[in-house]
file model.cif (mmCIF, C-alpha atoms)
data_work
#
loop_
_atom_site.group_PDB
_atom_site.id
_atom_site.type_symbol
_atom_site.label_atom_id
_atom_site.label_comp_id
_atom_site.auth_asym_id
_atom_site.auth_seq_id
_atom_site.Cartn_x
_atom_site.Cartn_y
_atom_site.Cartn_z
ATOM 1 C CA MET A 1 0.783 -11.337 -19.723
ATOM 2 C CA ASP A 2 3.440 -11.217 -22.425
ATOM 3 C CA GLU A 3 6.907 -9.652 -22.513
ATOM 4 C CA LEU A 4 5.555 -6.260 -23.543
ATOM 5 C CA ASP A 5 3.032 -6.251 -20.676
ATOM 6 C CA ARG A 6 5.867 -7.037 -18.281
ATOM 7 C CA ALA A 7 7.982 -4.220 -19.707
ATOM 8 C CA ILE A 8 5.049 -1.822 -19.282
ATOM 9 C CA VAL A 9 4.425 -2.841 -15.669
ATOM 10 C CA ASN A 10 8.122 -2.624 -14.798
ATOM 11 C CA ALA A 11 8.534 0.754 -16.479
ATOM 12 C CA LEU A 12 5.354 2.247 -15.049
ATOM 13 C CA GLN A 13 5.514 1.500 -11.342
ATOM 14 C CA GLY A 14 6.072 5.215 -10.921
ATOM 15 C CA GLY A 15 7.087 8.255 -12.880
ATOM 16 C CA PHE A 16 4.060 8.515 -15.173
ATOM 17 C CA PRO A 17 4.492 12.003 -16.624
ATOM 18 C CA ILE A 18 2.296 15.009 -15.949
ATOM 19 C CA CYS A 19 2.015 16.568 -19.409
ATOM 20 C CA ASP A 20 -0.538 17.004 -22.203
ATOM 21 C CA GLU A 21 -0.094 13.528 -23.702
ATOM 22 C CA PRO A 22 1.494 11.310 -21.066
ATOM 23 C CA TYR A 23 0.493 8.002 -22.674
ATOM 24 C CA ARG A 24 2.076 9.025 -25.964
ATOM 25 C CA GLU A 25 5.278 10.123 -24.224
ATOM 26 C CA THR A 26 5.463 6.857 -22.273
ATOM 27 C CA ALA A 27 4.590 4.728 -25.317
ATOM 28 C CA GLU A 28 7.392 6.299 -27.324
ATOM 29 C CA ARG A 29 9.859 5.518 -24.572
ATOM 30 C CA LEU A 30 8.713 1.879 -24.627
ATOM 31 C CA GLY A 31 8.637 1.643 -28.425
ATOM 32 C CA LEU A 32 4.900 1.214 -28.954
ATOM 33 C CA THR A 33 2.002 3.397 -29.986
ATOM 34 C CA GLU A 34 -0.150 5.415 -27.650
ATOM 35 C CA ALA A 35 -3.254 3.424 -28.630
ATOM 36 C CA GLU A 36 -1.451 0.151 -27.968
ATOM 37 C CA LEU A 37 -0.286 1.287 -24.519
ATOM 38 C CA ILE A 38 -3.779 2.431 -23.545
ATOM 39 C CA ALA A 39 -5.308 -0.824 -24.808
ATOM 40 C CA ARG A 40 -2.802 -2.920 -22.870
ATOM 41 C CA LEU A 41 -3.329 -0.959 -19.647
ATOM 42 C CA GLN A 42 -7.078 -1.351 -20.103
ATOM 43 C CA ARG A 43 -6.717 -5.079 -20.614
ATOM 44 C CA MET A 44 -4.435 -5.548 -17.601
ATOM 45 C CA LEU A 45 -6.897 -3.616 -15.433
ATOM 46 C CA GLU A 46 -9.775 -5.765 -16.665
ATOM 47 C CA ALA A 47 -7.760 -8.942 -16.074
ATOM 48 C CA LYS A 48 -6.863 -7.597 -12.592
ATOM 49 C CA THR A 49 -3.145 -7.923 -13.360
ATOM 50 C CA LEU A 50 -3.143 -4.292 -12.300
ATOM 51 C CA THR A 51 -5.083 -3.213 -9.239
ATOM 52 C CA ARG A 52 -5.242 0.342 -10.561
ATOM 53 C CA PHE A 53 -3.472 2.889 -12.716
ATOM 54 C CA GLY A 54 -3.040 6.423 -11.451
ATOM 55 C CA PRO A 55 -1.782 8.402 -8.480
ATOM 56 C CA MET A 56 -0.983 6.592 -5.228
ATOM 57 C CA PHE A 57 -1.802 8.750 -2.251
ATOM 58 C CA GLN A 58 -0.145 8.997 1.118
ATOM 59 C CA VAL A 59 -3.070 9.560 3.428
ATOM 60 C CA GLU A 60 -0.956 10.934 6.297
ATOM 61 C CA ARG A 61 0.119 13.836 4.120
ATOM 62 C CA MET A 62 -3.521 14.832 3.745
ATOM 63 C CA GLY A 63 -3.945 15.006 7.502
ATOM 64 C CA GLY A 64 -5.368 11.501 7.657
ATOM 65 C CA ALA A 65 -4.090 8.408 9.392
ATOM 66 C CA PHE A 66 -3.227 4.871 8.415
ATOM 67 C CA VAL A 67 -2.802 2.231 11.102
ATOM 68 C CA LEU A 68 -2.117 -1.486 11.044
ATOM 69 C CA ALA A 69 -4.140 -3.380 13.627
ATOM 70 C CA ALA A 70 -4.808 -6.976 14.607
ATOM 71 C CA LEU A 71 -7.254 -9.183 16.457
ATOM 72 C CA ALA A 72 -6.925 -12.581 18.078
ATOM 73 C CA VAL A 73 -10.145 -14.149 16.830
ATOM 74 C CA PRO A 74 -11.458 -17.470 18.165
ATOM 75 C CA GLU A 75 -11.735 -19.880 15.221
ATOM 76 C CA ALA A 76 -15.444 -20.497 15.773
ATOM 77 C CA ASP A 77 -16.204 -16.761 15.475
ATOM 78 C CA TYR A 78 -13.879 -16.044 12.575
ATOM 79 C CA GLU A 79 -16.440 -15.529 9.787
ATOM 80 C CA ARG A 80 -18.698 -13.370 11.936
ATOM 81 C CA VAL A 81 -15.813 -11.167 13.056
ATOM 82 C CA ALA A 82 -14.452 -10.857 9.491
ATOM 83 C CA GLU A 83 -17.865 -9.602 8.383
ATOM 84 C CA GLN A 84 -18.086 -7.123 11.243
ATOM 85 C CA VAL A 85 -14.597 -5.763 10.601
ATOM 86 C CA ASN A 86 -14.993 -5.597 6.813
ATOM 87 C CA ALA A 87 -18.293 -3.737 7.180
ATOM 88 C CA LEU A 88 -16.412 -0.639 8.364
ATOM 89 C CA PRO A 89 -15.484 1.701 5.506
ATOM 90 C CA GLU A 90 -12.368 2.662 7.487
ATOM 91 C CA VAL A 91 -10.984 -0.864 6.947
ATOM 92 C CA ALA A 92 -8.903 -0.611 3.761
ATOM 93 C CA HIS A 93 -7.709 -4.180 3.679
ATOM 94 C CA ASN A 94 -7.878 -7.196 5.867
ATOM 95 C CA TYR A 95 -5.885 -10.427 5.772
ATOM 96 C CA ARG A 96 -6.021 -13.672 7.624
ATOM 97 C CA ARG A 97 -2.561 -14.549 8.937
ATOM 98 C CA GLU A 98 -1.450 -17.621 10.813
ATOM 99 C CA HIS A 99 -0.641 -16.547 14.374
ATOM 100 C CA ALA A 100 -2.498 -16.083 17.663
ATOM 101 C CA LEU A 101 -3.158 -12.629 16.170
ATOM 102 C CA ASN A 102 -4.932 -14.082 13.157
ATOM 103 C CA MET A 103 -6.707 -11.092 11.595
ATOM 104 C CA TRP A 104 -4.632 -8.142 10.370
ATOM 105 C CA PHE A 105 -6.203 -5.073 8.850
ATOM 106 C CA VAL A 106 -5.350 -1.514 7.923
ATOM 107 C CA LEU A 107 -7.480 1.372 9.138
ATOM 108 C CA ALA A 108 -7.409 4.482 6.947
ATOM 109 C CA THR A 109 -9.199 7.566 8.222
ATOM 110 C CA GLU A 110 -9.299 11.205 7.277
ATOM 111 C CA THR A 111 -8.243 12.378 10.736
ATOM 112 C CA PRO A 112 -6.019 10.822 13.413
ATOM 113 C CA GLU A 113 -9.032 10.868 15.772
ATOM 114 C CA GLY A 114 -10.880 8.665 13.302
ATOM 115 C CA ILE A 115 -8.556 5.773 14.143
ATOM 116 C CA ALA A 116 -9.515 5.687 17.815
ATOM 117 C CA ALA A 117 -13.194 5.881 16.869
ATOM 118 C CA ALA A 118 -12.838 3.011 14.385
ATOM 119 C CA ILE A 119 -11.014 0.878 16.953
ATOM 120 C CA GLU A 120 -13.763 1.513 19.459
ATOM 121 C CA LYS A 121 -16.418 0.532 16.925
ATOM 122 C CA ILE A 122 -14.605 -2.716 16.160
ATOM 123 C CA GLU A 123 -14.153 -3.554 19.835
ATOM 124 C CA ARG A 124 -17.822 -2.875 20.536
ATOM 125 C CA ALA A 125 -19.029 -4.899 17.539
ATOM 126 C CA THR A 126 -16.747 -7.904 18.048
ATOM 127 C CA GLY A 127 -16.194 -7.932 21.791
ATOM 128 C CA LEU A 128 -12.456 -8.409 21.108
ATOM 129 C CA GLN A 129 -9.448 -6.271 21.977
ATOM 130 C CA VAL A 130 -7.885 -4.466 19.007
ATOM 131 C CA TYR A 131 -4.083 -4.413 18.964
ATOM 132 C CA ALA A 132 -2.951 -1.274 17.129
ATOM 133 C CA PHE A 133 0.492 -1.067 15.529
ATOM 134 C CA PRO A 134 0.868 2.526 14.299
ATOM 135 C CA LYS A 135 4.086 3.081 12.403
ATOM 136 C CA LEU A 136 6.699 4.872 14.451
ATOM 137 C CA LYS A 137 9.086 5.126 11.549
ATOM 138 C CA GLU A 138 9.074 4.133 7.885
ATOM 139 C CA TYR A 139 12.341 2.771 6.483
ATOM 140 C CA PHE A 140 11.245 1.805 3.044
ATOM 141 C CA VAL A 141 8.055 1.671 1.016
ATOM 142 C CA GLU A 142 8.490 1.060 -2.629
ATOM 143 C CA MET A 143 6.952 -1.200 -5.138
ATOM 144 C CA LYS A 144 9.952 -2.885 -6.674
ATOM 145 C CA LEU A 145 8.808 -6.365 -7.579
ATOM 146 C CA ALA A 146 9.731 -7.288 -11.108
ATOM 147 C CA ALA A 147 6.870 -8.433 -13.326
ATOM 148 C CA MET B 1 5.762 12.064 12.537
ATOM 149 C CA THR B 2 4.667 12.885 9.018
ATOM 150 C CA GLU B 3 3.863 16.460 8.223
ATOM 151 C CA SER B 4 0.514 17.073 6.624
ATOM 152 C CA ILE B 5 -0.161 19.524 3.824
ATOM 153 C CA ALA B 6 -3.118 21.893 3.654
ATOM 154 C CA LEU B 7 -5.427 20.880 0.837
ATOM 155 C CA ASP B 8 -8.074 23.149 -0.611
ATOM 156 C CA ALA B 9 -11.456 22.147 -1.991
ATOM 157 C CA ASP B 10 -10.154 21.742 -5.560
ATOM 158 C CA ASP B 11 -7.289 19.521 -4.378
ATOM 159 C CA ARG B 12 -9.814 17.317 -2.643
ATOM 160 C CA ARG B 13 -12.032 17.172 -5.737
ATOM 161 C CA LEU B 14 -8.985 16.203 -7.761
ATOM 162 C CA ILE B 15 -8.076 13.454 -5.291
ATOM 163 C CA VAL B 16 -11.625 12.106 -5.275
ATOM 164 C CA ALA B 17 -11.663 12.151 -9.086
ATOM 165 C CA THR B 18 -8.380 10.239 -9.418
ATOM 166 C CA GLN B 19 -8.398 7.791 -6.517
ATOM 167 C CA GLY B 20 -10.048 5.174 -8.719
ATOM 168 C CA GLY B 21 -7.413 5.759 -11.403
ATOM 169 C CA LEU B 22 -6.515 8.075 -14.271
ATOM 170 C CA PRO B 23 -8.723 8.211 -17.374
ATOM 171 C CA LEU B 24 -7.328 5.928 -20.092
ATOM 172 C CA VAL B 25 -7.621 8.513 -22.848
ATOM 173 C CA PRO B 26 -4.864 10.306 -24.791
ATOM 174 C CA ARG B 27 -5.205 13.514 -22.764
ATOM 175 C CA PRO B 28 -6.132 12.265 -19.283
ATOM 176 C CA TYR B 29 -5.426 15.519 -17.437
ATOM 177 C CA HIS B 30 -7.566 17.456 -19.903
ATOM 178 C CA ALA B 31 -10.357 14.932 -19.364
ATOM 179 C CA LEU B 32 -10.087 15.451 -15.603
ATOM 180 C CA ALA B 33 -10.021 19.209 -16.078
ATOM 181 C CA GLU B 34 -13.220 19.088 -18.071
ATOM 182 C CA GLN B 35 -14.881 16.865 -15.509
ATOM 183 C CA LEU B 36 -13.902 19.233 -12.676
ATOM 184 C CA GLY B 37 -14.451 22.521 -14.496
ATOM 185 C CA LEU B 38 -10.798 23.546 -14.147
ATOM 186 C CA ALA B 39 -8.132 24.436 -16.698
ATOM 187 C CA ALA B 40 -5.892 21.523 -17.753
ATOM 188 C CA GLU B 41 -2.826 23.566 -16.771
ATOM 189 C CA GLU B 42 -4.260 23.974 -13.313
ATOM 190 C CA VAL B 43 -4.963 20.259 -12.924
ATOM 191 C CA MET B 44 -1.384 19.470 -13.922
ATOM 192 C CA ALA B 45 0.055 22.159 -11.646
ATOM 193 C CA ARG B 46 -1.956 20.837 -8.701
ATOM 194 C CA LEU B 47 -0.869 17.251 -9.387
ATOM 195 C CA ARG B 48 2.774 18.353 -9.567
ATOM 196 C CA ARG B 49 2.410 20.130 -6.241
ATOM 197 C CA LEU B 50 0.726 17.094 -4.626
ATOM 198 C CA LEU B 51 3.549 14.908 -5.949
ATOM 199 C CA GLU B 52 6.264 17.246 -4.674
ATOM 200 C CA SER B 53 4.679 17.479 -1.244
ATOM 201 C CA GLY B 54 4.290 13.705 -0.995
ATOM 202 C CA VAL B 55 0.469 13.666 -0.885
ATOM 203 C CA ILE B 56 0.892 11.649 -4.064
ATOM 204 C CA ARG B 57 3.631 9.093 -3.547
ATOM 205 C CA ARG B 58 3.921 8.328 -7.244
ATOM 206 C CA ILE B 59 1.826 8.025 -10.384
ATOM 207 C CA GLY B 60 1.800 4.714 -12.204
ATOM 208 C CA ALA B 61 0.610 1.141 -12.316
ATOM 209 C CA VAL B 62 -0.213 -0.783 -9.159
ATOM 210 C CA PRO B 63 0.329 -4.433 -10.005
ATOM 211 C CA ASN B 64 -1.562 -7.183 -8.292
ATOM 212 C CA HIS B 65 1.221 -9.177 -6.590
ATOM 213 C CA TYR B 66 -0.668 -12.420 -7.032
ATOM 214 C CA ALA B 67 -1.137 -11.904 -10.764
ATOM 215 C CA LEU B 68 2.619 -11.330 -11.110
ATOM 216 C CA GLY B 69 3.235 -14.699 -9.501
ATOM 217 C CA TYR B 70 4.180 -13.356 -6.059
ATOM 218 C CA THR B 71 1.775 -15.707 -4.365
ATOM 219 C CA ALA B 72 3.744 -16.056 -1.131
ATOM 220 C CA ASN B 73 3.857 -12.966 1.006
ATOM 221 C CA GLY B 74 5.144 -12.985 4.502
ATOM 222 C CA MET B 75 5.037 -10.328 7.161
ATOM 223 C CA SER B 76 8.374 -10.908 8.857
ATOM 224 C CA VAL B 77 8.598 -9.438 12.337
ATOM 225 C CA TRP B 78 11.686 -8.964 14.460
ATOM 226 C CA ASP B 79 12.547 -8.052 18.028
ATOM 227 C CA VAL B 80 15.618 -5.817 17.911
ATOM 228 C CA PRO B 81 17.002 -3.314 20.444
ATOM 229 C CA ASP B 82 15.177 0.035 20.224
ATOM 230 C CA ALA B 83 18.515 1.861 20.373
ATOM 231 C CA ARG B 84 19.665 0.142 17.172
ATOM 232 C CA ILE B 85 16.412 -0.077 15.261
ATOM 233 C CA ASP B 86 16.942 2.842 12.865
ATOM 234 C CA ALA B 87 20.216 1.514 11.475
ATOM 235 C CA LEU B 88 18.850 -2.029 11.278
ATOM 236 C CA GLY B 89 15.559 -0.904 9.712
ATOM 237 C CA GLU B 90 17.373 1.080 7.015
ATOM 238 C CA ALA B 91 19.551 -1.942 6.195
ATOM 239 C CA VAL B 92 16.601 -4.338 5.999
ATOM 240 C CA GLY B 93 14.625 -1.833 3.900
ATOM 241 C CA ARG B 94 17.404 -1.789 1.322
ATOM 242 C CA LEU B 95 17.027 -5.508 0.574
ATOM 243 C CA PRO B 96 15.477 -5.876 -2.892
ATOM 244 C CA PHE B 97 12.659 -8.218 -1.845
ATOM 245 C CA VAL B 98 11.451 -6.050 1.066
ATOM 246 C CA THR B 99 8.581 -3.825 -0.087
ATOM 247 C CA HIS B 100 7.664 -2.205 3.221
ATOM 248 C CA CYS B 101 9.720 -1.815 6.378
ATOM 249 C CA TYR B 102 8.524 -0.112 9.544
ATOM 250 C CA HIS B 103 9.283 0.427 13.203
ATOM 251 C CA ARG B 104 6.075 -0.325 15.125
ATOM 252 C CA PRO B 105 5.329 -0.651 18.844
ATOM 253 C CA ARG B 106 5.458 -3.972 20.668
ATOM 254 C CA ALA B 107 2.346 -5.305 22.454
ATOM 255 C CA LEU B 108 3.803 -7.318 25.315
ATOM 256 C CA PRO B 109 3.541 -10.079 26.272
ATOM 257 C CA LEU B 110 1.695 -11.296 23.159
ATOM 258 C CA TRP B 111 3.777 -9.376 20.646
ATOM 259 C CA PRO B 112 7.499 -8.741 21.302
ATOM 260 C CA TYR B 113 8.347 -7.539 17.764
ATOM 261 C CA ASN B 114 9.191 -3.945 16.843
ATOM 262 C CA LEU B 115 10.519 -4.225 13.269
ATOM 263 C CA PHE B 116 8.142 -5.240 10.475
ATOM 264 C CA ALA B 117 9.369 -6.145 6.971
ATOM 265 C CA MET B 118 7.020 -7.351 4.230
ATOM 266 C CA VAL B 119 8.652 -9.852 1.903
ATOM 267 C CA HIS B 120 7.258 -11.220 -1.339
ATOM 268 C CA GLY B 121 8.247 -14.336 -3.220
ATOM 269 C CA LYS B 122 6.976 -16.742 -5.824
ATOM 270 C CA SER B 123 6.953 -19.604 -3.343
ATOM 271 C CA ARG B 124 7.010 -20.213 0.404
ATOM 272 C CA ASP B 125 10.585 -21.545 -0.018
ATOM 273 C CA GLU B 126 11.688 -18.308 -1.649
ATOM 274 C CA VAL B 127 10.164 -16.264 1.181
ATOM 275 C CA GLU B 128 11.864 -18.475 3.754
ATOM 276 C CA ALA B 129 15.229 -17.977 2.049
ATOM 277 C CA GLN B 130 14.618 -14.213 2.132
ATOM 278 C CA VAL B 131 13.771 -14.346 5.820
ATOM 279 C CA ARG B 132 17.060 -16.206 6.437
ATOM 280 C CA GLN B 133 18.870 -13.375 4.649
ATOM 281 C CA ILE B 134 17.243 -10.827 6.961
ATOM 282 C CA ALA B 135 18.140 -12.992 9.972
ATOM 283 C CA ALA B 136 21.758 -13.134 8.786
ATOM 284 C CA LEU B 137 21.826 -9.368 8.328
ATOM 285 C CA LEU B 138 20.450 -8.730 11.828
ATOM 286 C CA GLY B 139 22.690 -11.372 13.413
ATOM 287 C CA ALA B 140 22.892 -11.244 17.187
ATOM 288 C CA GLU B 141 20.863 -8.003 17.278
ATOM 289 C CA CYS B 142 17.741 -10.083 16.688
ATOM 290 C CA ARG B 143 16.301 -11.568 19.875
ATOM 291 C CA ALA B 144 13.278 -13.276 18.295
ATOM 292 C CA HIS B 145 11.447 -13.323 15.005
ATOM 293 C CA ASP B 146 8.432 -14.791 13.267
ATOM 294 C CA VAL B 147 6.876 -14.806 9.791
ATOM 295 C CA LEU B 148 3.131 -14.408 9.384
ATOM 296 C CA TYR B 149 1.863 -15.599 6.032
ATOM 297 C CA SER B 150 -1.367 -14.274 4.675
ATOM 298 C CA SER B 151 -3.588 -17.257 4.065
ATOM 299 C CA ARG B 152 -6.676 -15.378 2.916
ATOM 300 C CA ILE B 153 -7.543 -11.911 1.643
ATOM 301 C CA LEU B 154 -10.604 -10.907 3.648
ATOM 302 C CA LYS B 155 -10.922 -7.421 2.149
ATOM 303 C CA LYS B 156 -8.963 -5.313 -0.276
ATOM 304 C CA ALA B 157 -10.200 -1.838 -1.096
ATOM 305 C CA GLY B 158 -8.213 1.171 -2.170
ATOM 306 C CA LEU B 159 -8.009 4.393 -0.281
ATOM 307 C CA ARG B 160 -11.338 6.149 -0.384
ATOM 308 C CA ILE B 161 -11.888 9.646 0.834
ATOM 309 C CA GLY B 162 -15.271 11.253 0.610
ATOM 310 C CA SER B 163 -15.987 14.317 -1.492
#

call {"tool": "encode", "arguments": {"input": "model.cif", "output": "structure tokens"}}
result
Amino acid sequence: MDELDRAIVNALQGGFPICDEPYRETAERLGLTEAELIARLQRMLEAKTLTRFGPMFQVERMGGAFVLAALAVPEADYERVAEQVNALPEVAHNYRREHALNMWFVLATETPEGIAAAIEKIERATGLQVYAFPKLKEYFVEMKLAA
Amino acid sequence: MTESIALDADDRRLIVATQGGLPLVPRPYHALAEQLGLAAEEVMARLRRLLESGVIRRIGAVPNHYALGYTANGMSVWDVPDARIDALGEAVGRLPFVTHCYHRPRALPLWPYNLFAMVHGKSRDEVEAQVRQIAALLGAECRAHDVLYSSRILKKAGLRIGS
């Protein structure tokens, strides 16, 4: 990642235009050519510096639901439970964290009812209680880390 | 809670077509239009409407935190009085290193925390300094807190809705 890549990432964390030639418009703003911008985005996606490039959706606004949940998994069962949880398509991401609640995952479903069904599936498969932490209020969600 | 927007079949097709990313070609919306059998103007108008209504939060690059050097990420969690949480949550959310900040329910007795703030740093020390800043901001309003570091990514997939 060089200085220009960093400038691109910092400038493009949002606000990509909706117009006929958005890459050209953005490239001009950054002082490079359209082809160069596209090539650099392609390369950063291939190198996994970028997870993706495009619209970021808010699933709740589509009538869906997004819930953070956790499990307290006994160490000896950890790999088995991780496999069982990850096998569900409703599990968007899953992290190990160091706490008695040591597995934290996000459930994303197309309907609010889907969350309860996914929780039930996980409880049945793992034999563990799922702790659900639905958001009651959002104070801030913005990607603002400088590259 | 969040209001949801009615989506029609073409909106859904557009979402399915773009959830993996935008085409990296000079006229990406025209490419999508061709793929979906719609007019380019219509694709752009629908995207603008989805953006205005918040179905699309923003359009741009999603960096991989780790690749940017933000290898330490901590989920800081705080027990603050429910009556004060909105003011405190807004203040914590304004800190530059906090990327997500939410009010969530407690799960007593195991989990006394109701305010969640994700912090990202280039080292564990940096994250700990950030957590101290949050603690200073909350002052006596904070009854207990903890920081849960992610020690392993078990799964990371984007949003996927079916067509």

call {"tool": "closest_residue", "arguments": {"input": "model.cif", "among": "B:Val55, B:Ala9, B:Val25, B:Val92", "to": "Trp78 of chain B", "atoms": "only C-alpha atoms"}}
result
B:Val92

call {"tool": "resolve_selection", "arguments": {"input": "model.cif", "expression": "the PyMOL selection byres ((chain A and resi 129) around 9)", "output": "list in words"}}
result
Ala70, Leu71, Ala72, Ile119, Ile122, Glu123, Thr126, Gly127, Leu128, Val130 and Tyr131 of chain A

call {"tool": "resolve_selection", "arguments": {"input": "model.cif", "expression": "the PyMOL selection byres ((chain A and resi 60) around 9)", "output": "number ranges by chain"}}
result
A: 57-59, 61-66, 110-112; B: 2-5, 55

call {"tool": "resolve_selection", "arguments": {"input": "model.cif", "expression": "the PyMOL selection byres ((chain B) within 6 of (chain A))", "output": "PyMOL selection string"}}
result
chain B and resi 4-5+21-22+26-27+55-64+67-68+89-90+93+99-105+148-157

call {"tool": "residues_around", "arguments": {"input": "model.cif", "residues": "Ala31 of chain B", "least_positions_apart": "3", "cutoff": "12 Å", "atoms": "only C-alpha atoms", "output": "PDB file with C-alpha atoms, in the coordinates of the input"}}
result
ATOM      1  CA  ASP A  20      -0.538  17.004 -22.203  1.00  0.00           C
ATOM      2  CA  GLU A  21      -0.094  13.528 -23.702  1.00  0.00           C
TER       3      GLU A  21
ATOM      4  CA  LEU B  14      -8.985  16.203  -7.761  1.00  0.00           C
ATOM      5  CA  ALA B  17     -11.663  12.151  -9.086  1.00  0.00           C
ATOM      6  CA  THR B  18      -8.380  10.239  -9.418  1.00  0.00           C
ATOM      7  CA  LEU B  22      -6.515   8.075 -14.271  1.00  0.00           C
ATOM      8  CA  PRO B  23      -8.723   8.211 -17.374  1.00  0.00           C
ATOM      9  CA  LEU B  24      -7.328   5.928 -20.092  1.00  0.00           C
ATOM     10  CA  VAL B  25      -7.621   8.513 -22.848  1.00  0.00           C
ATOM     11  CA  PRO B  26      -4.864  10.306 -24.791  1.00  0.00           C
ATOM     12  CA  ARG B  27      -5.205  13.514 -22.764  1.00  0.00           C
ATOM     13  CA  PRO B  28      -6.132  12.265 -19.283  1.00  0.00           C
ATOM     14  CA  GLU B  34     -13.220  19.088 -18.071  1.00  0.00           C
ATOM     15  CA  GLN B  35     -14.881  16.865 -15.509  1.00  0.00           C
ATOM     16  CA  LEU B  36     -13.902  19.233 -12.676  1.00  0.00           C
ATOM     17  CA  GLY B  37     -14.451  22.521 -14.496  1.00  0.00           C
ATOM     18  CA  LEU B  38     -10.798  23.546 -14.147  1.00  0.00           C
ATOM     19  CA  ALA B  39      -8.132  24.436 -16.698  1.00  0.00           C
ATOM     20  CA  ALA B  40      -5.892  21.523 -17.753  1.00  0.00           C
ATOM     21  CA  GLU B  41      -2.826  23.566 -16.771  1.00  0.00           C
ATOM     22  CA  VAL B  43      -4.963  20.259 -12.924  1.00  0.00           C
ATOM     23  CA  MET B  44      -1.384  19.470 -13.922  1.00  0.00           C
TER      24      MET B  44
END

call {"tool": "atom_distance", "arguments": {"input": "model.cif", "atom1": "atom CA of Glu28 of chain A", "atom2": "atom CA of Ala45 of chain B"}}
result
23.5 Å

call {"tool": "atom_distance", "arguments": {"input": "model.cif", "atom1": "atom CA of Asp86 of chain B", "atom2": "atom CA of Tyr113 of chain B"}}
result
14.3 Å

call {"tool": "closest_residue", "arguments": {"input": "model.cif", "among": "B:Pro81, B:Cys142, B:Ile134, B:Ala72", "to": "His120 of chain B", "atoms": "only C-alpha atoms"}}
result
B:Ala72

call {"tool": "closest_residue", "arguments": {"input": "model.cif", "among": "A:Leu4, A:Leu88, A:Val67, A:Ala27", "to": "Ala116 of chain A", "atoms": "all atoms listed in the file"}}
result
A:Val67

call {"tool": "atom_distance", "arguments": {"input": "model.cif", "atom1": "atom CA of Arg12 of chain B", "atom2": "atom CA of Glu113 of chain A"}}
result
19.5 Å

call {"tool": "axis_aligned_box", "arguments": {"input": "model.cif", "around": "segment 38-54 of chain B", "padding_each_side": "6 Å", "output": "lines of an AutoDock Vina configuration file"}}
result
center_x = -2.3
center_y = 19.1
center_z = -9.4
size_x = 29.1
size_y = 22.7
size_z = 28.8
